[in-house]
Every structure is written in C-alpha cells, then in structure tokens.
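Q: Have a look at the structure that comes next, please.
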Protein chains: 2
Amino acid sequence: MTNSRADFRTIWLKNEDDSIVQIIDQRQLPHDYVVADLTNYRDGAYAISEMLVRGAPLIGATAAWSLYLAGLEAEGTANPRRFIQQAAAELAATRPTAVNLQWAVDRVLAVIENADDNALPSLLRSEAEAICYEDSEISRNIGSHGLALIEAIAANIPGRPINILTHCNAGALATIAWGTATAPIYMAHAKGVPVHVWVDETRPRNQGSQLTAWELGQRGVPHTLIVDNAGGHLMQHGQVDLCITGTDRTTRCGDVANKIGTYLKALAASDNNIPFYVALPSTTIDWKIRNGVQEIPIEQRDAREVSHIVGMVDGQRKEVCTTANNTPVSNYAFDVTPARLVTGLITERGVCAASESGLLSLFPEHK
Amino acid sequence: MTNSRADFRTIWLKNEDDSIVQIIDQRQLPHDYVVADLTNYRDGAYAISEMLVRGAPLIGATAAWSLYLAGLEAEGTANPRRFIQQAAAELAATRPTAVNLQWAVDRVLAVIENADDNALPSLLRSEAEAICYEDSEISRNIGSHGLALIEAIAANIPGRPINILTHCNAGALATIAWGTATAPIYMAHAKGVPVHVWVDETRPRNQGSQLTAWELGQRGVPHTLIVDNAGGHLMQHGQVDLCITGTDRTTRCGDVANKIGTYLKALAASDNNIPFYVALPSTTIDWKIRNGVQEIPIEQRDAREVSHIVGMVDGQRKEVCTTANNTPVSNYAFDVTPARLVTGLITERGVCAASESGLLSLFPEHK
C-alpha cells in the first residue's frame with residue numbers, strides 16, 4: 001500500500017514487494033516524512049530499540065511483522081522454528097517496559113507452535129495482519145467510549161472548546177490507526193464537538209512536539225504546544241477540562257507506567273479536581289502485577305537523549321548539544337502513576353475505575 | 001575588577017572604566033563565557049528583558065546599576081532627575097513578575113529624591129554598590145540557615161550523600177554571589193557534608209542544564225542533570241531527600257511564584273513526604289498580596305523560546321527549530337506553588353513556616 005500523510009497507517013507491507021515491511025521513521029518527524037524499509041527481523045529489532053517506531057501497540061505490531069520477516073529468512077534452513085524463536089527472544093529484549101511487546105511475540109509463537117515448516121511464512125503474515133486489524137478495532141472502540149466522556153463534559157461547558165491535556169504520544173503514530181489517548185479526540189473532532197489539545201512537549205525525546213503536534217496538525221485538530229512544566233499552571237487557572245494519556249503497562253490494580261512526567265500531571269489534575277483518564281488497549285494490562293511503583297522496572301536510556309536534540313537550521317536537520325560536555329545526566333524513560341490519581345481507564349470494552357474491581361468488571365476472565 | 005570563572009561575580013564595574021558596568025551574558029552559558037558591557041541604561045533594560053541577566057536579585061542589582069548609568073547620561077541635561085525617573089519607569093517595565101525589580105528601582109529613586117543634581121552619579125553608584133553588598137550578605141545568611149537544615153537531614157542519613165533536587169537557577173548566577181537555593185548547598189559542600197544535586201533541565205530556557213549545572217560544575221559540587229519530567233519518579237523511589245528552589249515573588253501568606261514547573265515538583269514532594277523548601281531574600285516578599293494563584297500576574301513569553309533551542313554543533317553555536325513550523329505554542333514563564341505545599345521558607349533571618357504567621361515571626365515590622 002501507499003501511505004498518505006493526512007490519513008497515515010504506521011506499518012504496512014510494501015505495495016510491490018511483500019518481503020518488505022514499511023514503517024514511518026518517526027525520528028524524522030515533524031521535519032521530514034520518511035518511510036523506512038524493514039527487510040529482515042534485525043531491521044525490526046533496530047526500529048524498536050532505536051525508536052523509529054514507538055508506542056506500545058505499534059511496538060507489538062512491529063515485533064509481529066519482524067517475526068514474519070524472520071519466517072521468510074528461516075525458509076529452507078535446517079530448523080526454521082528455532083530461527084524464529086531466537087528472533088523472538090531478540091525482539092522481546094529490545095524494550096523491557098512495554099508489556100505488549102512480549103504479548104505480541106508470545107501470541108505469534110503460539111500460532112506457529114505445531115504448524116508445518118512450509119506454512120510458517122503465511123501463518124506469520126496472517127497473524128501480523130490480525131494483530132494490526134485487531135489493534136485498529138481496539139482504538140476505534142477506545143475512541144467511542146472516550147467520546148462519550150468528552151461529550152458529557154462538553155454538555156456542561158457550552159460555548160467554548162473542551163481543553164484536553166495529553167502527555168507524550170499515545171496517538172495514531174503509536175498504534176496502527178486512531179491512537180489510544182487521541183482516538184476519543186479524533187472522534188469528537190470528527191463529530192463536531194469542539195476540542196482543543198494542550199500538547200506536552202515530552203522531554204527528553206519530544207514526542208509531544210514532534211509527533212502528537214504533527215499528527216493533530218495533519219488531521220486539523222486545534223492544539224497548542226506547551227513545555228512539560230506548564231500543565232500545572234494551566235490546571236490551576238481552569239484552562240484544562242480533562243487529561244487523557246496512554247500507558248505502556250497497566251497493573252491489575254490500575255497503576256499505569258507511562259512516559260516520564262505523567263505522574264506529575266496526574267498529581268496536578270488531582271490537586272485541581274480535573275478528571276485524569278488513561279486510554280489503553282487491554283494488551284497493556286499486566287495481570288500478574290499489582291503495585292506499579294514497586295514492580296514495574298523502569299528503563300534507563302542514553303544520556304545523549306537529554307544532552308542532544310535534533311532540529312532544523314538553515315534548512316538542514318542538525319543535532320546540537322545543549323549542555324556542557326562534562327555534565328552528568330540521568331535519563332529514566334517512564335514513571336508510574338498510582339491508580340489513586342487516575343479517574344478512570346478507557347479500554348476497548350468500556351470505561352472503568354482504575355482498580356482491580358474496576359478492571360475485573362470489564363475483564364471478568366482474569367478473576 | 002576582573003572575574004574568574006570559578007569564583008565569579010555576576011555584575012561589576014569595569015576595572016579601567018567606571019562608566020561601564022559589566023555582566024556575564026548568561027545566554028551564552030554553558031558553552032561560552034562572555035562578558036557584556038552595559039554603557040547606558042537602555043543596555044541594562046535590554047540585558048534584563050532579553051535575559052542576559054536573570055534571577056530576582058540580579059535583576060534588581062542590574063536595574064540599580066542601570067540607574068547609575070542613567071545618572072551618568074543625565075549629567076548636564078536640563079532635568080537630570082526627570083531623565084533618571086523615566087529610565088526607572090522603563091527599567092521597571094522590563095519584567096512584570098519580579099517584585100524586587102520594582103523594589104530596587106524604588107529604593108534608588110528614594111535616595112536621590114532630595115539630592116543635589118551634581119551628587120546624583122555618586123549617590124546612584126553607592127546605592128548600587130550597597131544593594132550588591134547587601135545581597136551577598138543575604139545569600140550568605142540564607143546559606144547558613146539552610147546549611148543547618150541539610151546538616152539535620154545528613155545526621156539521619158549516614159553513609160551516602162544527601163540528594164537535593166532544585167529547579168531552574170536560584171544559584172550564584174541569579175544573585176551577586178552564593179545564590180539563594182544554592183547557598184546552603186555550597187556551604188554544605190564547603191564544610192564537607194556530602195551533597196549531590198538533581199538539576200532540573202528547566203524548559204523552555206534550560207536554566208538548569210545551562211546555568212545551574214554549569215555553576216555547580218565550576219565549584220565542584222556533584223550533580224546530575226535530569227529532565228523536568230523525572231523528579232516525581234526519583235521522589236517515588238527514595239532518590240530525593242530534600243528540594244530547594246528559589247522564588248521570584250512570595251506572598252504575605254507564603255505562596256511562591258517561581259519558574260514554571262516548580263508547582264509540579266512541590267506536588268510530588270508533598271505526595272512522597274519529602275521536605276520542600278524555598279530560599280528567598282525578603283526583598284522577594286510582596287507584603288501587599290496574599291493569594292499567589294489569584295493575585296500574581298504570570299508573564300507570557302515568546303513562542304520561540306519553546307520552538308527553538310541553542311546548542312553546539314561542529315564547534316559552533318546554532319539555534320535549531322525543534323517543532324513543525326506551523327505548531328501553535330503557549331509559553332507561561334512562572335507558576336505559583338501554594339504555601340500548603342511548602343515545608344518552609346529559608347530567609348536571611350532564619351527558616352519559617354510558609355504562612356503569614358511564619359513570615360511575621362521573622363519580619364514583625366510587617367505586622
């Protein structure tokens with residue numbers, strides 16, 4: 001398929017060559033729209049670890065498509081299943097925090113467990129396609145349930161747009177389509193409910209200024225970029241009606257691990273009685289853990305993400321160093337927002353309280 | 001005087017020419033150490049509004065020295081006092097939030113009110129010198145009182161450094177010497193109490209990464225740069241023992257207006273039972289107002305501060321644009337931290353509760 005910028009997908013099979021998976025190299029946004037080819041599973045692992053793709057659902061989908069590529073590479077080898085399993089282990093190790101990376105890998109491995117060797121590529125392809133289709137449907141359902149929340153708030157605030165604050169990019173670029181946190185926003189906008197989005201810059205990787213602002217702009221949703229420091233002030237002054245973020249990992253009790261800084265916004269929302277919702281596909285729920293602060297390992301990333309930044313100067317992309325050369329840096333990628341600060345979870349099955357009983361009311365199979 | 005980088009002052013009369021005031025152009029740090037000449041009061045107004053100098057005490061001192069320059073310019077004119085008063089009005093309008101800009105201007109104007117025209121330059125010079133001397137003494141006293149707090153915490157945490165988080169730059173660069181929030185840290189370090197400072201980057205102007213990290217590095221204090229989003233996570237995990245920030249304006253009841261994002265850190269400190277102190281010279285107290293959120297006007301600054309950033313590439317300073325060209329931006333410079341989130345105020349007269357009664361116990365003349 002080809003991809004239009006205004007109505008993009010984030011991962012697809014190349015039109016004229018189905019041995020190549022294509023993605024948007026999201027590191028180049030918002031300055032350049034660059035499509036990258038994945039020709040083998042290591043390209044996929046690289047795309048995940050170097051964040052050409054990011055966002056929990058898209059990471060899972062990229063892992064699935066990478067296993068399809070591994071299946072093509074394995075054809076004719078002595079033990080193709082072994083090759084694919086080793087690829088799966090490598091892929092699963094690329095980002096430790098995103099639970100549905102492991103989920104996607106496990107799901108794909110289960111499908112091929114008892115299959116004939118020569119059926120592996122087509123099984124892997126159809127499973128990757130299914131994961132993408134299902135993710136689009138999940139986003140659409142999250143959007144519908146979140147839309148109802150926005151409409152309820154809009155009913156009480158006539159005459160001006162609903163101001164929604166979001167952190168990082170839980171947008172279409174993080175999923176296959178629609179996004180998670182953005183799905184309700186896109187649906188409200190499409191339905192004519194006036195919305196305006198405060199976009200947190202989201203240091204150090206600036207996913208807000210570089211991705212969320214870009215995709216909202218592509219789709220015509222009014223928005224304003226702010227630094228991560230600004231949300232509390234806006235909330236103190238009645239300029240935020242609702243917060244919606246995504247999550248990379250959700251515990252059984254409703255704690256959410258999301259991009260570093262989410263916890264600070266949840267504190268400010270709580271302090272100002274502003275609803276703070278987290279949108280998530282249920283694949284991000286880790287039913288085995290309860291206490292997010294204690295149990296979720298937080299990835300530390302390269303200091304260079306903090307000390308260096310890419311931008312445009314004289315029509316060229318340049319990476320500049322903003323710190324003194326000898327400045328020590330620490331770079332935690334996520335933090336955990338305790339369930340007590342989360343007003344509700346927007347899932348594909350509906351909205352529930354951020355608690356074990358809330359989640360089990362929607363997902364009783366995990367009782 | 002000349003200025004050494006390791007033991008700098010921030011404003012001084014040029015050694016060989018006392019019609020010129022010199023400052024460090026703090027916009028060039030940490031990459032370049034550049035001294036700027038102020039040859040007339042408009043240079044001073046420019047230095048304040050364009051943030052060659054920043055920080056409440058240094059802004060006040062710069063305004064006072066600028067009025068000295070205005071006094072030199074006014075010599076021989078028909079109405080030198082009128083000239084100086086007009087300069088004072090221009091200077092006072094450069095930064096609306098910093099209360100001791102107005103304080104310094106008022107103080108200087110009072111001194112010259114009934115003086116002979118030909119005495120004006122020397123009166124203005126001695127008043128600017130007095131403001132600088134007094135500010136150094138204030139910082140020294142804040143340092144002594146804050147040192148006692150650090151020593152008390154250190155007594156309960158043997159065997160490792162005390163981890164102190166600070167936001168923005170309330171450092172030596174914001175004052176004449178020592179700083180406010182940094183004064184206790186420098187004194188603890190000098191006394192051999194092991195300290196380590198978490199330096200918030202402080203978007204959008206990066207005063208933390210560019211100024212605080214620089215001056216801590218110059219003076220050998222162990223420190224680590226973090227993005228503004230990271231403090232909550234560190235506090236959740238026991239990696240912060242104490243927060244100390246500065247303030248640009250403090251209300252009679254102990255609310256503090258400080259760099260945007262301070263409120264979010266105070267919320268996180270409160271949520272994790274970590275002491276949150278604010279260090280301030282009493283000149284930043286605005287005794288006329290009580291409710292900071294309602295009564296303190298918050299300056300909005302240029303969108304370009306958010307969308308563009310200066311850094312080094314290939315040995316040159318370059319300003320890069322990190323956003324898409326059409327991204328709308330909002331840029332509030334300060335927020336207000338309510339007194340209920342502040343453990344205590346460290347002033348030149350001692351430490352008190354962040355409340356009207358606390359402040360009046362130290363400053364009974366304002367009853």
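In the structure tokens, the first chain shown is A, the next is B, and so on; residue numbers restart at 1 for each chain, and ligands run from 1 in the order shown.
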Select residues of chain A: the criterion is any atom within 6 Å of an atom of chain B, counting only C-alpha atoms; output as a PyMOL selection string.
A: chain A and resi 30+209-210+224-226+229-230+233+260-261+264+311-313+320-324+328-330+335
Q: Store the residues picked out above, limited to N, CA and C atoms, as a PDB file, in the first residue's frame.
A:
```
ATOM      1  N   PRO A  30       8.895  16.104  13.185  1.00  0.00           N
ATOM      2  CA  PRO A  30       7.895  16.567  12.228  1.00  0.00           C
ATOM      3  C   PRO A  30       8.517  17.192  10.973  1.00  0.00           C
ATOM      4  N   SER A 209       5.942  17.403  20.971  1.00  0.00           N
ATOM      5  CA  SER A 209       6.146  18.463  19.978  1.00  0.00           C
ATOM      6  C   SER A 209       6.415  17.883  18.599  1.00  0.00           C
ATOM      7  N   GLN A 210       7.016  16.705  18.550  1.00  0.00           N
ATOM      8  CA  GLN A 210       7.418  16.179  17.248  1.00  0.00           C
ATOM      9  C   GLN A 210       6.407  15.214  16.653  1.00  0.00           C
ATOM     10  N   THR A 224      -2.228  23.319  21.005  1.00  0.00           N
ATOM     11  CA  THR A 224      -1.174  24.255  21.398  1.00  0.00           C
ATOM     12  C   THR A 224      -0.096  23.475  22.122  1.00  0.00           C
ATOM     13  N   LEU A 225       1.119  23.684  21.705  1.00  0.00           N
ATOM     14  CA  LEU A 225       2.265  23.040  22.342  1.00  0.00           C
ATOM     15  C   LEU A 225       2.654  23.792  23.611  1.00  0.00           C
ATOM     16  N   ILE A 226       2.925  23.049  24.681  1.00  0.00           N
ATOM     17  CA  ILE A 226       3.425  23.648  25.924  1.00  0.00           C
ATOM     18  C   ILE A 226       4.617  22.832  26.419  1.00  0.00           C
ATOM     19  N   ASN A 229       6.537  21.589  31.924  1.00  0.00           N
ATOM     20  CA  ASN A 229       6.381  22.316  33.182  1.00  0.00           C
ATOM     21  C   ASN A 229       5.069  23.077  33.293  1.00  0.00           C
ATOM     22  N   ALA A 230       4.359  23.273  32.179  1.00  0.00           N
ATOM     23  CA  ALA A 230       3.266  24.248  32.160  1.00  0.00           C
ATOM     24  C   ALA A 230       1.911  23.707  32.610  1.00  0.00           C
ATOM     25  N   HIS A 233       0.197  24.906  35.963  1.00  0.00           N
ATOM     26  CA  HIS A 233      -0.287  26.290  35.909  1.00  0.00           C
ATOM     27  C   HIS A 233      -1.613  26.373  35.157  1.00  0.00           C
ATOM     28  N   ILE A 260       7.776   9.250  31.249  1.00  0.00           N
ATOM     29  CA  ILE A 260       8.226  10.010  32.418  1.00  0.00           C
ATOM     30  C   ILE A 260       7.541  11.392  32.436  1.00  0.00           C
ATOM     31  N   GLY A 261       7.021  11.744  33.599  1.00  0.00           N
ATOM     32  CA  GLY A 261       6.328  13.023  33.743  1.00  0.00           C
ATOM     33  C   GLY A 261       4.815  12.890  33.831  1.00  0.00           C
ATOM     34  N   LEU A 264       3.479  13.496  37.336  1.00  0.00           N
ATOM     35  CA  LEU A 264       3.401  14.896  37.769  1.00  0.00           C
ATOM     36  C   LEU A 264       2.102  15.537  37.289  1.00  0.00           C
ATOM     37  N   GLY A 311      17.114  19.362  15.449  1.00  0.00           N
ATOM     38  CA  GLY A 311      16.217  20.392  14.956  1.00  0.00           C
ATOM     39  C   GLY A 311      16.690  20.876  13.599  1.00  0.00           C
ATOM     40  N   MET A 312      15.955  21.821  13.062  1.00  0.00           N
ATOM     41  CA  MET A 312      16.274  22.343  11.729  1.00  0.00           C
ATOM     42  C   MET A 312      17.012  23.668  11.866  1.00  0.00           C
ATOM     43  N   VAL A 313      18.067  23.823  11.086  1.00  0.00           N
ATOM     44  CA  VAL A 313      18.754  25.102  10.995  1.00  0.00           C
ATOM     45  C   VAL A 313      19.217  25.266   9.550  1.00  0.00           C
ATOM     46  N   VAL A 320      22.191  19.242  17.958  1.00  0.00           N
ATOM     47  CA  VAL A 320      23.015  20.148  18.748  1.00  0.00           C
ATOM     48  C   VAL A 320      23.120  19.624  20.175  1.00  0.00           C
ATOM     49  N   CYS A 321      24.202  19.986  20.828  1.00  0.00           N
ATOM     50  CA  CYS A 321      24.401  19.649  22.243  1.00  0.00           C
ATOM     51  C   CYS A 321      24.026  20.875  23.071  1.00  0.00           C
ATOM     52  N   THR A 322      23.095  20.696  24.002  1.00  0.00           N
ATOM     53  CA  THR A 322      22.594  21.844  24.754  1.00  0.00           C
ATOM     54  C   THR A 322      23.229  21.964  26.131  1.00  0.00           C
ATOM     55  N   THR A 323      24.061  21.032  26.513  1.00  0.00           N
ATOM     56  CA  THR A 323      24.664  21.052  27.842  1.00  0.00           C
ATOM     57  C   THR A 323      26.173  21.247  27.721  1.00  0.00           C
ATOM     58  N   ALA A 324      26.806  21.531  28.859  1.00  0.00           N
ATOM     59  CA  ALA A 324      28.263  21.484  28.878  1.00  0.00           C
ATOM     60  C   ALA A 324      28.684  20.027  28.662  1.00  0.00           C
ATOM     61  N   PRO A 328      27.002  15.421  33.996  1.00  0.00           N
ATOM     62  CA  PRO A 328      26.442  14.068  34.157  1.00  0.00           C
ATOM     63  C   PRO A 328      24.923  14.112  33.974  1.00  0.00           C
ATOM     64  N   VAL A 329      24.361  13.060  33.384  1.00  0.00           N
ATOM     65  CA  VAL A 329      22.935  13.023  33.059  1.00  0.00           C
ATOM     66  C   VAL A 329      22.333  11.703  33.499  1.00  0.00           C
ATOM     67  N   SER A 330      21.108  11.755  34.009  1.00  0.00           N
ATOM     68  CA  SER A 330      20.316  10.551  34.271  1.00  0.00           C
ATOM     69  C   SER A 330      19.069  10.622  33.410  1.00  0.00           C
ATOM     70  N   ASP A 335       7.545   6.775  34.213  1.00  0.00           N
ATOM     71  CA  ASP A 335       7.251   6.763  35.634  1.00  0.00           C
ATOM     72  C   ASP A 335       5.911   6.080  35.830  1.00  0.00           C
TER      73      ASP A 335
END
```
Q: For segment 13-21 of chain B, list every protein, DNA or RNA residue within 10 Å, evaluated using only C-alpha atoms, and leave out those in the same chain fewer than 5 positions away; present the list as a list in words.
A: Met1, Thr2, Ala36, Asp37, Leu38, Thr39, Asn40, Tyr41, Asp43, Gly44, Thr62, Trp65, Ser66, Tyr68, Leu69, Leu72, Glu73, Arg125 and Glu129 of chain B
Q: Which residues come within 10 Å of Glu90 of chain A, counting only C-alpha atoms, excluding same-chain residues fewer than 5 positions away, as a PDB file with N, CA and C atoms, in the first residue's frame?
A:
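After the write, out_6.pdb holds the following:
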```
ATOM      1  N   TYR A  41      14.402  -9.419  10.275  1.00  0.00           N
ATOM      2  CA  TYR A  41      13.895  -9.168  11.633  1.00  0.00           C
ATOM      3  C   TYR A  41      14.811  -8.239  12.432  1.00  0.00           C
ATOM      4  N   ARG A  42      16.103  -8.252  12.102  1.00  0.00           N
ATOM      5  CA  ARG A  42      17.004  -7.356  12.840  1.00  0.00           C
ATOM      6  C   ARG A  42      16.700  -5.886  12.525  1.00  0.00           C
ATOM      7  N   ALA A  45      14.056  -5.198  14.960  1.00  0.00           N
ATOM      8  CA  ALA A  45      14.579  -5.005  16.316  1.00  0.00           C
ATOM      9  C   ALA A  45      15.237  -3.630  16.446  1.00  0.00           C
ATOM     10  N   ALA A  63       6.978  -5.988  16.197  1.00  0.00           N
ATOM     11  CA  ALA A  63       7.568  -7.277  16.561  1.00  0.00           C
ATOM     12  C   ALA A  63       6.905  -8.402  15.763  1.00  0.00           C
ATOM     13  N   ILE A  84      13.193 -18.707  14.204  1.00  0.00           N
ATOM     14  CA  ILE A  84      12.146 -17.737  14.558  1.00  0.00           C
ATOM     15  C   ILE A  84      12.107 -17.512  16.072  1.00  0.00           C
ATOM     16  N   GLN A  85      12.303 -18.579  16.834  1.00  0.00           N
ATOM     17  CA  GLN A  85      12.293 -18.430  18.300  1.00  0.00           C
ATOM     18  C   GLN A  85      13.453 -17.559  18.783  1.00  0.00           C
TER      19      GLN A  85
END
```
Q: Give the alpha helix (DSSP H) residues of segment 53-179 of chain A, as assigned by DSSP on the backbone, as a PyMOL selection string.
A: chain A and resi 56-74+80-92+99-112+120-156
Q: Could you tell me how far atom CA of Ala130 of chain A sits from atom CA of His145 of chain A, in Å to one decimal place?
A: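 These atoms are spaced 22.5 Å apart.
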Q: Could you work out how far atom CA of Gln300 of chain B lies from atom CA of Ala177 of chain B, giving the answer in Å with one decimal?
A: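 Between these atoms lies a distance of 28.4 Å.
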Q: Taking the DSSP assignment computed from this structure's backbone, write out as an NGL selection string all residues of segment 30-233 of chain B that belong to strand (DSSP E).
A: :B and (35-38 or 162-166 or 195-200 or 223-226)
Q: Would you put the residues from that selection into a file with all heavy atoms, as a short mmCIF file (atom, residue, chain, number, x, y, z; two decimals), in the first residue's frame?
A:
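File part-v9.cif, as written:
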```cif
data_model
loop_
_atom_site.label_atom_id
_atom_site.label_comp_id
_atom_site.auth_asym_id
_atom_site.auth_seq_id
_atom_site.Cartn_x
_atom_site.Cartn_y
_atom_site.Cartn_z
N VAL B 35 31.62 38.18 28.61
CA VAL B 35 31.33 39.35 29.42
C VAL B 35 30.73 40.44 28.52
O VAL B 35 31.26 40.71 27.44
CB VAL B 35 32.60 39.86 30.11
CG1 VAL B 35 32.36 41.21 30.78
CG2 VAL B 35 33.09 38.83 31.13
N ALA B 36 29.60 41.02 28.96
CA ALA B 36 28.94 42.07 28.17
C ALA B 36 29.10 43.41 28.87
O ALA B 36 29.00 43.50 30.10
CB ALA B 36 27.47 41.74 27.98
N ASP B 37 29.32 44.46 28.09
CA ASP B 37 29.41 45.83 28.63
C ASP B 37 28.03 46.49 28.60
O ASP B 37 27.34 46.44 27.58
CB ASP B 37 30.35 46.67 27.76
CG ASP B 37 31.81 46.31 27.95
OD1 ASP B 37 32.11 45.47 28.83
OD2 ASP B 37 32.64 46.84 27.19
N LEU B 38 27.67 47.14 29.69
CA LEU B 38 26.49 48.00 29.71
C LEU B 38 27.00 49.43 29.75
O LEU B 38 27.66 49.84 30.72
CB LEU B 38 25.60 47.72 30.93
CG LEU B 38 25.24 46.26 31.23
CD1 LEU B 38 24.34 46.17 32.46
CD2 LEU B 38 24.58 45.60 30.02
N ILE B 162 23.57 13.50 50.61
CA ILE B 162 22.20 13.99 50.64
C ILE B 162 21.81 14.39 49.22
O ILE B 162 22.52 15.17 48.59
CB ILE B 162 22.10 15.23 51.56
CG1 ILE B 162 22.71 14.94 52.92
CG2 ILE B 162 20.66 15.71 51.68
CD1 ILE B 162 22.16 13.71 53.58
N ASN B 163 20.70 13.85 48.74
CA ASN B 163 20.24 14.17 47.39
C ASN B 163 19.26 15.33 47.44
O ASN B 163 18.20 15.24 48.05
CB ASN B 163 19.57 12.96 46.75
CG ASN B 163 20.58 11.88 46.39
OD1 ASN B 163 21.54 12.14 45.68
ND2 ASN B 163 20.37 10.68 46.91
N ILE B 164 19.65 16.41 46.78
CA ILE B 164 18.85 17.64 46.79
C ILE B 164 18.40 17.94 45.37
O ILE B 164 19.21 17.98 44.44
CB ILE B 164 19.69 18.82 47.33
CG1 ILE B 164 20.19 18.51 48.75
CG2 ILE B 164 18.87 20.13 47.30
CD1 ILE B 164 21.20 19.51 49.28
N LEU B 165 17.09 18.13 45.20
CA LEU B 165 16.58 18.49 43.87
C LEU B 165 16.34 20.00 43.81
O LEU B 165 15.77 20.59 44.75
CB LEU B 165 15.29 17.73 43.57
CG LEU B 165 14.71 17.95 42.15
CD1 LEU B 165 14.14 16.62 41.61
CD2 LEU B 165 13.61 19.00 42.15
N THR B 166 16.76 20.61 42.71
CA THR B 166 16.45 22.03 42.51
C THR B 166 15.91 22.26 41.11
O THR B 166 16.15 21.45 40.20
CB THR B 166 17.65 22.94 42.82
OG1 THR B 166 17.20 24.30 42.88
CG2 THR B 166 18.74 22.83 41.75
N VAL B 195 26.97 16.19 49.47
CA VAL B 195 25.71 16.52 48.80
C VAL B 195 25.81 16.13 47.33
O VAL B 195 26.89 16.10 46.74
CB VAL B 195 25.37 18.03 48.89
CG1 VAL B 195 25.02 18.43 50.31
CG2 VAL B 195 26.53 18.88 48.37
N HIS B 196 24.66 15.80 46.77
CA HIS B 196 24.53 15.56 45.33
C HIS B 196 23.25 16.25 44.88
O HIS B 196 22.21 16.13 45.53
CB HIS B 196 24.45 14.06 45.03
CG HIS B 196 23.96 13.77 43.64
ND1 HIS B 196 22.64 13.46 43.37
CD2 HIS B 196 24.60 13.81 42.44
CE1 HIS B 196 22.50 13.28 42.05
NE2 HIS B 196 23.67 13.49 41.47
N VAL B 197 23.32 16.99 43.79
CA VAL B 197 22.19 17.81 43.35
C VAL B 197 21.57 17.24 42.07
O VAL B 197 22.28 17.01 41.08
CB VAL B 197 22.64 19.27 43.11
CG1 VAL B 197 21.44 20.14 42.72
CG2 VAL B 197 23.33 19.84 44.35
N TRP B 198 20.26 16.99 42.11
CA TRP B 198 19.50 16.69 40.89
C TRP B 198 19.11 18.03 40.27
O TRP B 198 18.39 18.81 40.90
CB TRP B 198 18.22 15.91 41.20
CG TRP B 198 18.43 14.54 41.76
CD1 TRP B 198 18.17 14.14 43.03
CD2 TRP B 198 18.89 13.37 41.06
NE1 TRP B 198 18.46 12.79 43.17
CE2 TRP B 198 18.90 12.30 41.97
CE3 TRP B 198 19.30 13.13 39.74
CZ2 TRP B 198 19.30 11.01 41.62
CZ3 TRP B 198 19.70 11.85 39.39
CH2 TRP B 198 19.70 10.80 40.32
N VAL B 199 19.58 18.29 39.08
CA VAL B 199 19.35 19.58 38.42
C VAL B 199 18.25 19.41 37.37
O VAL B 199 18.46 18.75 36.35
CB VAL B 199 20.65 20.08 37.75
CG1 VAL B 199 20.40 21.42 37.06
CG2 VAL B 199 21.77 20.21 38.78
N ASP B 200 17.09 20.00 37.62
CA ASP B 200 16.03 20.01 36.61
C ASP B 200 16.49 20.83 35.40
O ASP B 200 16.94 21.97 35.55
CB ASP B 200 14.77 20.68 37.17
CG ASP B 200 13.85 19.72 37.91
OD1 ASP B 200 14.19 18.52 38.02
OD2 ASP B 200 12.79 20.18 38.38
N HIS B 223 26.66 16.60 40.84
CA HIS B 223 25.30 16.89 40.36
C HIS B 223 24.99 16.01 39.17
O HIS B 223 25.90 15.49 38.51
CB HIS B 223 25.18 18.37 39.98
CG HIS B 223 26.07 18.77 38.86
ND1 HIS B 223 27.42 19.01 39.03
CD2 HIS B 223 25.84 18.95 37.53
CE1 HIS B 223 27.96 19.33 37.87
NE2 HIS B 223 27.03 19.29 36.94
N THR B 224 23.69 15.86 38.90
CA THR B 224 23.22 15.10 37.74
C THR B 224 22.06 15.85 37.13
O THR B 224 21.11 16.23 37.82
CB THR B 224 22.76 13.68 38.16
OG1 THR B 224 23.81 13.02 38.85
CG2 THR B 224 22.35 12.86 36.93
N LEU B 225 22.13 16.04 35.83
CA LEU B 225 21.06 16.70 35.10
C LEU B 225 19.93 15.71 34.81
O LEU B 225 20.17 14.57 34.42
CB LEU B 225 21.62 17.24 33.78
CG LEU B 225 20.63 17.87 32.80
CD1 LEU B 225 20.05 19.15 33.38
CD2 LEU B 225 21.32 18.13 31.46
N ILE B 226 18.69 16.16 35.02
CA ILE B 226 17.51 15.36 34.67
C ILE B 226 16.53 16.25 33.91
O ILE B 226 16.56 17.47 34.03
CB ILE B 226 16.81 14.78 35.92
CG1 ILE B 226 16.51 15.89 36.94
CG2 ILE B 226 17.63 13.67 36.54
CD1 ILE B 226 15.71 15.43 38.14
#
```
Q: Which residues, written as a ChimeraX atom specification, have at least one atom at most 8 Å from Ala269 of chain A, with only C-alpha atoms counted and residues fewer than 6 positions away on the same chain left out?
A: /A:232,235,243,275-276
Q: Can I get the selected residues back with N, CA, C and O atoms, as a PDB file, in the first residue's frame?
A:
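Saved to result_38.pdb:
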```
ATOM      1  N   GLY A 232       0.582  22.236  35.169  1.00  0.00           N
ATOM      2  CA  GLY A 232       0.062  22.563  36.496  1.00  0.00           C
ATOM      3  C   GLY A 232      -0.521  23.968  36.530  1.00  0.00           C
ATOM      4  O   GLY A 232      -1.616  24.188  37.059  1.00  0.00           O
ATOM      5  N   MET A 235      -3.805  24.079  34.758  1.00  0.00           N
ATOM      6  CA  MET A 235      -4.867  23.446  35.556  1.00  0.00           C
ATOM      7  C   MET A 235      -5.308  24.344  36.702  1.00  0.00           C
ATOM      8  O   MET A 235      -6.495  24.418  37.022  1.00  0.00           O
ATOM      9  N   CYS A 243      -7.737  15.462  31.254  1.00  0.00           N
ATOM     10  CA  CYS A 243      -6.453  14.916  30.801  1.00  0.00           C
ATOM     11  C   CYS A 243      -6.700  13.511  30.261  1.00  0.00           C
ATOM     12  O   CYS A 243      -7.470  12.743  30.858  1.00  0.00           O
ATOM     13  N   PRO A 275     -10.550  15.707  35.825  1.00  0.00           N
ATOM     14  CA  PRO A 275     -10.524  14.271  35.527  1.00  0.00           C
ATOM     15  C   PRO A 275      -9.269  13.876  34.757  1.00  0.00           C
ATOM     16  O   PRO A 275      -8.865  14.567  33.815  1.00  0.00           O
ATOM     17  N   PHE A 276      -8.662  12.793  35.193  1.00  0.00           N
ATOM     18  CA  PHE A 276      -7.435  12.291  34.570  1.00  0.00           C
ATOM     19  C   PHE A 276      -7.698  10.857  34.106  1.00  0.00           C
ATOM     20  O   PHE A 276      -7.785   9.944  34.918  1.00  0.00           O
TER      21      PHE A 276
END
```
Q: Near segment 345-362 of chain A, counting only C-alpha atoms, which residues have an atom at most 6 Å away, once you skip same-chain residues fewer than 5 positions from it, shown as a VMD selection string?
A: chain A and resid 138 141 to 142 145 252 to 254 277 to 281 339
Q: What is the distance, in Å and to one decimal place, between atom CA of Ala152 of chain A and atom CA of Ala56 of chain A?
A: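 Atom-to-atom, atom CA of Ala152 of chain A to atom CA of Ala56 of chain A, that is 28.4 Å.
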Q: Give me the residues within 9 Å of Pro96 of chain B as a VMD selection string, counting only C-alpha atoms and dropping any in the same chain fewer than 6 places off.
A: chain B and resid 102 297 to 299
Q: Need the shell around Val108 of chain B: protein/DNA/RNA residues with any atom at most 8 Å away, counting only C-alpha atoms. Skip same-chain ones fewer than 3 positions apart. Format as a VMD selection string?
A: chain B and resid 64 67 104 to 105 111 to 112 124 127 to 128
Q: Which of these residues is nearest to Tyr33 of chain A, using only C-alpha atoms: A:Asn291, A:Glu215, A:Cys132, A:Gly71?
A: A:Glu215
Q: With only C-alpha atoms as the atoms that count, which of B:Arg205, B:Gly60, B:Gly146, B:Trp287 lies nearest to Pro364 of chain B?
A: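 When distances to Pro364 of chain B are compared using only C-alpha atoms, the smallest one comes from B:Trp287.
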